[in-house]
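Student: Below is my_file07.cif; it holds mmCIF, C-alpha atoms.
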```cif
data_coords
#
loop_
_atom_site.label_atom_id
_atom_site.label_comp_id
_atom_site.auth_asym_id
_atom_site.auth_seq_id
_atom_site.Cartn_x
_atom_site.Cartn_y
_atom_site.Cartn_z
CA MET A 1103 -39.39 41.54 -146.92
CA GLU A 1104 -40.54 39.51 -143.89
CA GLY A 1105 -41.09 36.44 -146.07
CA ARG A 1106 -37.56 36.71 -147.43
CA SER A 1107 -36.19 37.04 -143.91
CA GLU A 1108 -38.10 33.96 -142.77
CA SER A 1109 -36.78 31.92 -145.69
CA LYS A 1110 -33.23 33.01 -144.79
CA ILE A 1111 -33.79 31.90 -141.19
CA GLN A 1112 -35.08 28.54 -142.41
CA LEU A 1113 -31.96 28.17 -144.58
CA LEU A 1114 -29.80 28.78 -141.51
CA ARG A 1115 -31.78 26.22 -139.49
CA ARG A 1116 -31.11 23.64 -142.20
CA ARG A 1117 -27.38 24.44 -142.20
CA ILE A 1118 -26.80 24.36 -138.43
CA HIS A 1119 -25.93 20.79 -137.48
CA ALA A 1120 -26.61 19.32 -134.06
CA VAL A 1121 -23.68 17.19 -132.86
CA PRO A 1122 -24.51 15.06 -129.79
CA ASP A 1123 -21.96 14.51 -127.03
CA PHE A 1124 -19.50 17.16 -128.21
CA PRO A 1125 -17.22 18.43 -126.72
CA LYS A 1126 -18.28 16.09 -123.91
CA LYS A 1127 -21.05 13.63 -123.14
CA GLY A 1128 -24.42 15.25 -122.57
CA ILE A 1129 -23.72 18.38 -124.65
CA LEU A 1130 -25.64 18.96 -127.89
CA PHE A 1131 -23.23 21.12 -129.90
CA ARG A 1132 -24.60 23.45 -132.60
CA ASP A 1133 -22.14 23.46 -135.52
CA ILE A 1134 -22.05 26.58 -137.71
CA CYS A 1135 -19.38 25.22 -140.09
CA PRO A 1136 -21.99 24.30 -142.74
CA ILE A 1137 -23.10 27.98 -142.78
CA LEU A 1138 -19.54 29.09 -143.44
CA LYS A 1139 -19.05 26.77 -146.41
CA ASP A 1140 -22.33 27.79 -148.04
CA PRO A 1141 -22.03 31.30 -149.56
CA THR A 1142 -25.82 31.70 -149.67
CA ALA A 1143 -26.18 30.86 -145.98
CA LEU A 1144 -23.27 33.08 -144.98
CA THR A 1145 -24.77 35.96 -146.96
CA ALA A 1146 -28.12 35.29 -145.26
CA VAL A 1147 -26.51 35.74 -141.82
CA ILE A 1148 -25.01 39.10 -142.75
CA ASP A 1149 -28.21 40.20 -144.55
CA LEU A 1150 -30.32 39.44 -141.46
CA PHE A 1151 -27.92 41.21 -139.12
CA GLU A 1152 -27.78 44.24 -141.42
CA GLU A 1153 -31.59 44.35 -141.70
CA HIS A 1154 -31.87 44.29 -137.91
CA VAL A 1155 -29.39 47.14 -137.46
CA LYS A 1156 -31.25 49.23 -140.03
CA THR A 1157 -34.67 48.39 -138.56
CA LYS A 1158 -33.46 49.51 -135.12
CA ASN A 1159 -31.94 52.68 -136.65
CA TRP A 1160 -28.82 52.01 -134.62
CA GLU A 1161 -25.90 54.31 -135.21
CA VAL A 1162 -22.83 52.10 -135.06
CA ASP A 1163 -19.17 53.10 -135.05
CA LEU A 1164 -17.69 49.65 -134.40
CA ILE A 1165 -18.60 46.00 -134.53
CA VAL A 1166 -17.04 44.15 -131.61
CA GLY A 1167 -16.46 40.48 -132.42
CA LEU A 1168 -15.98 37.90 -129.67
CA ASP A 1169 -13.22 35.31 -129.76
CA ALA A 1170 -13.26 33.39 -131.97
CA ARG A 1171 -16.42 32.88 -134.00
CA GLY A 1172 -17.47 36.49 -133.70
CA PHE A 1173 -14.40 37.09 -135.87
CA LEU A 1174 -16.06 35.15 -138.71
CA PHE A 1175 -19.22 37.24 -138.98
CA GLY A 1176 -18.16 40.56 -137.44
CA PRO A 1177 -15.80 41.83 -140.16
CA LEU A 1178 -18.35 40.97 -142.86
CA LEU A 1179 -21.06 42.97 -141.10
CA ALA A 1180 -18.65 45.83 -140.36
CA GLN A 1181 -17.69 46.01 -144.01
CA ARG A 1182 -21.35 45.97 -145.06
CA LEU A 1183 -22.17 48.79 -142.62
CA GLY A 1184 -19.04 50.78 -143.48
CA VAL A 1185 -17.72 50.74 -139.90
CA GLY A 1186 -14.67 49.40 -138.09
CA PHE A 1187 -14.19 46.02 -136.43
CA VAL A 1188 -12.41 45.23 -133.16
CA MET A 1189 -11.73 41.98 -131.35
CA VAL A 1190 -12.42 40.82 -127.82
CA ARG A 1191 -9.93 37.99 -127.24
CA LYS A 1192 -8.97 35.52 -124.60
CA LYS A 1193 -6.32 36.87 -122.24
CA GLY A 1194 -2.79 36.96 -123.62
CA LYS A 1195 -3.70 36.94 -127.32
CA LEU A 1196 -3.44 40.67 -128.11
CA PRO A 1197 -0.28 42.77 -128.37
CA GLY A 1198 0.22 46.07 -126.60
CA ALA A 1199 -1.66 47.54 -123.67
CA THR A 1200 -4.98 45.83 -122.97
CA VAL A 1201 -8.02 46.11 -120.70
CA SER A 1202 -9.37 42.86 -119.28
CA VAL A 1203 -12.24 41.42 -117.30
CA ALA A 1204 -12.55 38.03 -115.57
CA TYR A 1205 -15.72 35.99 -115.94
CA ASP A 1206 -17.16 32.63 -114.97
CA LEU A 1207 -17.71 29.74 -117.33
CA GLU A 1208 -19.76 26.61 -116.71
CA TYR A 1209 -16.51 24.79 -115.95
CA GLY A 1210 -14.19 27.45 -114.50
CA GLN A 1211 -13.02 31.00 -115.05
CA ALA A 1212 -11.59 32.92 -117.97
CA GLU A 1213 -10.48 36.43 -118.87
CA ALA A 1214 -11.38 38.47 -121.93
CA GLU A 1215 -9.48 41.49 -123.11
CA ILE A 1216 -9.42 44.22 -125.71
CA GLN A 1217 -6.61 46.51 -126.80
CA GLU A 1218 -6.68 49.65 -124.71
CA ASP A 1219 -6.98 51.94 -127.73
CA ALA A 1220 -9.47 49.82 -129.71
CA VAL A 1221 -12.56 51.69 -128.52
CA THR A 1222 -12.67 55.36 -127.59
CA PRO A 1223 -15.12 56.78 -125.05
CA GLY A 1224 -18.52 57.49 -126.54
CA GLN A 1225 -18.17 55.21 -129.55
CA LYS A 1226 -21.32 53.31 -130.39
CA VAL A 1227 -20.64 49.58 -130.51
CA LEU A 1228 -22.52 46.46 -131.49
CA LEU A 1229 -21.32 43.17 -130.03
CA LEU A 1230 -21.44 40.03 -132.16
CA ASP A 1231 -20.88 36.34 -131.47
CA ASP A 1232 -22.01 33.04 -132.93
CA LEU A 1233 -23.76 31.59 -129.88
CA LEU A 1234 -25.48 32.73 -126.71
CA ALA A 1235 -25.60 29.98 -124.09
CA THR A 1236 -25.22 31.05 -120.45
CA GLY A 1237 -24.20 34.58 -121.46
CA GLY A 1238 -20.83 34.65 -119.67
CA THR A 1239 -18.64 35.62 -122.60
CA LEU A 1240 -21.04 38.21 -123.99
CA PHE A 1241 -21.56 39.65 -120.50
CA ALA A 1242 -17.78 39.96 -120.10
CA ALA A 1243 -17.55 41.75 -123.45
CA CYS A 1244 -20.26 44.19 -122.32
CA GLU A 1245 -18.27 44.82 -119.14
CA LEU A 1246 -15.19 45.55 -121.26
CA MET A 1247 -17.19 48.05 -123.30
CA LYS A 1248 -18.36 49.73 -120.11
CA LYS A 1249 -14.73 50.01 -118.95
CA GLN A 1250 -13.97 51.69 -122.28
CA ASN A 1251 -16.97 54.05 -121.83
CA ALA A 1252 -18.48 52.83 -125.09
CA GLU A 1253 -22.19 53.07 -125.84
CA ILE A 1254 -23.53 49.56 -126.36
CA GLN A 1255 -26.22 49.59 -129.05
CA GLY A 1256 -26.97 45.90 -128.68
CA CYS A 1257 -25.75 42.33 -128.95
CA MET A 1258 -26.30 39.96 -131.87
CA VAL A 1259 -25.80 36.20 -132.15
CA VAL A 1260 -26.45 33.60 -134.80
CA ILE A 1261 -27.76 31.00 -132.31
CA GLU A 1262 -29.41 31.36 -128.92
CA LEU A 1263 -29.89 28.36 -126.62
CA THR A 1264 -33.00 29.69 -124.89
CA GLU A 1265 -33.24 27.07 -122.14
CA LEU A 1266 -29.93 28.29 -120.68
CA LYS A 1267 -31.42 31.80 -120.21
CA GLY A 1268 -28.21 33.64 -121.09
CA ILE A 1269 -30.29 36.57 -122.30
CA ASP A 1270 -31.31 37.27 -118.67
CA ARG A 1271 -27.68 37.88 -117.76
CA LEU A 1272 -27.35 40.55 -120.45
CA LYS A 1273 -30.18 42.81 -119.34
CA PRO A 1274 -30.67 45.70 -119.95
CA HIS A 1275 -28.89 45.24 -123.28
CA SER A 1276 -30.85 44.34 -126.39
CA VAL A 1277 -30.04 40.86 -127.75
CA PHE A 1278 -30.98 39.77 -131.27
CA SER A 1279 -30.64 36.12 -132.26
CA LEU A 1280 -31.22 34.67 -135.71
CA VAL A 1281 -32.01 31.09 -134.67
CA GLN A 1282 -33.28 29.91 -131.30
CA TYR A 1283 -33.21 26.41 -129.88
#
```
Since I need it in another form, could you write the structure as structure tokens?

Tutor:
Amino acid sequence: MEGRSESKIQLLRRRIHAVPDFPKKGILFRDICPILKDPTALTAVIDLFEEHVKTKNWEVDLIVGLDARGFLFGPLLAQRLGVGFVMVRKKGKLPGATVSVAYDLEYGQAEAEIQEDAVTPGQKVLLLDDLLATGGTLFAACELMKKQNAEIQGCMVVIELTELKGIDRLKPHSVFSLVQY
């Protein structure tokens, strides 16, 4: 099983493209689009996430996907696990009553929100996004889950940029990343 997992990780590494100077000079952008257009690679992502959840014996009621790329992988994992999926969005993108939290970005501030009735107190949630850089967005999502009195089982990302140390900001939560740079 471990050998198969390693070969899936290597497939993902081959599919993730590094794009220099995007979105601005000095940034090395990690593009996941090639994963999305390759059914084998996309399946590998969901397989690896599912294996991790099962290895951890996490009980999960909801997958919480972060705007916007968490929406690409989250529903697939939720379907595989037989659980629901909810969205954490940028402020102003969800209808109805919402709960929000402000957070800092490298270049300013933003707000994330979730529909007020999306998560009920005590539900076990797993947060999912494509990339962990400085940890601001994922930290904000964790804060939203705390406001909702959810039980955070862990956080999962496709890519972690380790030199930015975003994982430190998320302690004490467990963070699982498929590919690290």

Student: For Arg1191 (chain A), list every protein, DNA or RNA residue within 6 Å, evaluated using all atoms listed in the file, and leave out those in the same chain fewer than 3 positions away; present the list as a PyMOL selection string.

Tutor: chain A and resi 1169+1214-1215

Student: Give as a VMD selection string the residues that the PyMOL selection byres ((chain A and resi 1138) around 12) matches when applied to the coordinates above.

Tutor: chain A and resid 1114 1117 to 1118 1133 to 1137 1139 to 1148 1171 1174 to 1175 1178 1232 1260

Student: Output C-alpha atoms for every residue in that selection, as a short mmCIF file (atom, residue, chain, number, x, y, z; two decimals), in the frame of the given file.

Tutor:
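Result written to again-v1.cif:
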```cif
data_model
loop_
_atom_site.label_atom_id
_atom_site.label_comp_id
_atom_site.auth_asym_id
_atom_site.auth_seq_id
_atom_site.Cartn_x
_atom_site.Cartn_y
_atom_site.Cartn_z
CA LEU A 1114 -29.80 28.78 -141.51
CA ARG A 1117 -27.38 24.44 -142.20
CA ILE A 1118 -26.80 24.36 -138.43
CA ASP A 1133 -22.14 23.46 -135.52
CA ILE A 1134 -22.05 26.58 -137.71
CA CYS A 1135 -19.38 25.22 -140.09
CA PRO A 1136 -21.99 24.30 -142.74
CA ILE A 1137 -23.10 27.98 -142.78
CA LYS A 1139 -19.05 26.77 -146.41
CA ASP A 1140 -22.33 27.79 -148.04
CA PRO A 1141 -22.03 31.30 -149.56
CA THR A 1142 -25.82 31.70 -149.67
CA ALA A 1143 -26.18 30.86 -145.98
CA LEU A 1144 -23.27 33.08 -144.98
CA THR A 1145 -24.77 35.96 -146.96
CA ALA A 1146 -28.12 35.29 -145.26
CA VAL A 1147 -26.51 35.74 -141.82
CA ILE A 1148 -25.01 39.10 -142.75
CA ARG A 1171 -16.42 32.88 -134.00
CA LEU A 1174 -16.06 35.15 -138.71
CA PHE A 1175 -19.22 37.24 -138.98
CA LEU A 1178 -18.35 40.97 -142.86
CA ASP A 1232 -22.01 33.04 -132.93
CA VAL A 1260 -26.45 33.60 -134.80
#
```

Student: For the provided coordinates, the residues matched by the PyMOL selection byres ((chain A and resi 1187) around 7) should be stated as an NGL selection string.

Tutor: :A and (1164-1166 or 1176-1177 or 1180 or 1185-1186 or 1188-1189)

Student: Evaluate the PyMOL selection byres ((chain A and resi 1274) around 12) against this structure - the residues, as number ranges by chain, please.

Tutor: A: 1241, 1244, 1254-1257, 1269-1273, 1275-1277

Student: Would you mind listing what lies within 9 Å of Leu1263 (chain A) as a VMD selection string, with only C-alpha atoms counted and same-chain residues fewer than 3 positions away left out?

Tutor: chain A and resid 1233 to 1236 1266 to 1268 1281 to 1283

Student: Which is closest to Glu1253 (chain A) among A:Ala1199, A:Val1121, A:Val1162, A:Leu1168, if we use all atoms listed in the file?

Tutor: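 Distance minimum relative to Glu1253 (chain A) lands on A:Val1162.
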
Student: Which is closest to Glu1108 (chain A) among A:Leu1230, A:Leu1150, A:Ala1170, A:Leu1183, if we use all atoms listed in the file?

Tutor: A:Leu1150

Student: Between A:Glu1153, A:Asp1163, A:Asp1231, A:Asp1123, which one has atoms that come closest to Ile1261 (chain A), using only C-alpha atoms?

Tutor: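 Going through A:Glu1153, A:Asp1163, A:Asp1231, A:Asp1123 one by one, the smallest distance to Ile1261 (chain A) is for A:Asp1231.
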
Student: Tell me which of A:Glu1104, A:Leu1240, A:Asn1251, A:Phe1173 sits closest to Val1221 (chain A), counting all atoms listed in the file.

Tutor: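 The shortest atom-to-atom distance to Val1221 (chain A) comes from A:Asn1251.
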
Student: Separation of CA of Leu1229 (chain A) and CA of Thr1200 (chain A), in Å?

Tutor: 18.0 Å
